[in-house]
Amino acid sequence: MGPATVLRVIDSVTELRPSDRGCVAVTGSHGGVSAARHALAARPLLSVFNDAGVGREAAGIAALALLQDAGLACCAVSHASARIGDARSTLDDGVIGHANDAAAALGVAAGQRCRDAVSRLLGATSLPEERA
C-alpha cells in the first residue's frame with residue numbers, strides 16, 4: 001500500500017491484466033460472479049465495482065464474498081450514485097454501498113465517497129493519473 005500502488009480506472013474489469021497485480025482497480029463493471037473471476041485472475045489490492053442495484057439474490061455484489069474468500073478486498077458503489085459501465089463516474093461520483101471484510105480492513109466503509117476511499121488507500125491528497 002502507499003504511493004507506489006498504481007491506480008487503474010477502467011470501464012470494464014476485463015481490462016485487468018496479470019501485470020496489474022496489487023493495483024487499486026476502479027471499474028464501471030457490476031460486482032457479479034463474472035466480474036469477480038477477472039479480479040481473481042489479476043489480484044488487485046482493491047477492486048471497486050458498481051452494485052448494479054444489487055439484484056436478485058444479491059447477484060450485483062456477489063464479487064464481494066467471492067473475493068473475500070480469496071483474501072482480496074472488494075467494494076461496490078451504489079448504482080444510484082454512479083453510472084454503470086463508467087469507471088470515471090465510479091471514482092468521481094460513487095458512494096460506497098457495500099464492502100467486504102478485507103476492504104474494511106483497509107479502511108473502506110459504506111457511506112464513503114469512492115474518491116476519498118481510494119485517495120486514502122493510495123496515501124495521496126490528489127489522485128495520480130492511472131497507468132494506461
# chains A, B, ... in the order shown; residues from 1 in each chain; ligands from 1

call {"tool": "residues_around", "arguments": {"residues": "A:Thr27", "least_positions_apart": "5", "cutoff": "12 Å", "atoms": "only C-alpha atoms", "output": "count of residues only"}}
result
38

call {"tool": "select_by_dssp", "arguments": {"residues": "stretch 1-45 of chain A", "states": "helix (DSSP H, G or I)", "output": "list in words"}}
result
Val13, Thr14, Glu15, Pro18, Ser19, Asp20, Val33, Ser34, Ala35, Ala36, Arg37, His38, Ala39, Leu40, Ala41 and Ala42 of chain A

call {"tool": "write_last_selection", "arguments": {"atoms": "C-alpha atoms", "output": "short mmCIF file (atom, residue, chain, number, x, y, z; two decimals), in the first residue's frame"}}
result
data_model
loop_
_atom_site.label_atom_id
_atom_site.label_comp_id
_atom_site.auth_asym_id
_atom_site.auth_seq_id
_atom_site.Cartn_x
_atom_site.Cartn_y
_atom_site.Cartn_z
CA VAL A 13 -12.87 -5.31 -15.21
CA THR A 14 -11.98 -7.41 -18.27
CA GLU A 15 -9.24 -4.82 -18.95
CA PRO A 18 -1.75 -10.06 -14.51
CA SER A 19 0.67 -7.10 -14.56
CA ASP A 20 -1.98 -5.13 -12.64
CA VAL A 33 -19.62 -13.52 -10.40
CA SER A 34 -18.16 -12.96 -13.87
CA ALA A 35 -16.52 -9.72 -12.73
CA ALA A 36 -15.08 -11.48 -9.69
CA ARG A 37 -13.38 -14.06 -11.91
CA HIS A 38 -11.46 -11.32 -13.73
CA ALA A 39 -10.43 -9.70 -10.46
CA LEU A 40 -9.34 -13.07 -9.06
CA ALA A 41 -7.04 -13.55 -12.05
CA ALA A 42 -5.44 -10.11 -11.70
#

call {"tool": "atom_distance", "arguments": {"atom1": "atom CA of A:Gly32", "atom2": "atom CA of A:Ala103"}}
result
16.7 Å

call {"tool": "select_by_dssp", "arguments": {"residues": "chain A", "states": "strand (DSSP E)", "output": "VMD selection string"}}
result
chain A and resid 7 to 10 24 to 30 46 to 50 73 to 77 96 to 99

call {"tool": "closest_residue", "arguments": {"among": "A:Ala59, A:Leu122, A:Leu66, A:Ala25", "to": "A:Leu106", "atoms": "only C-alpha atoms"}}
result
A:Leu122
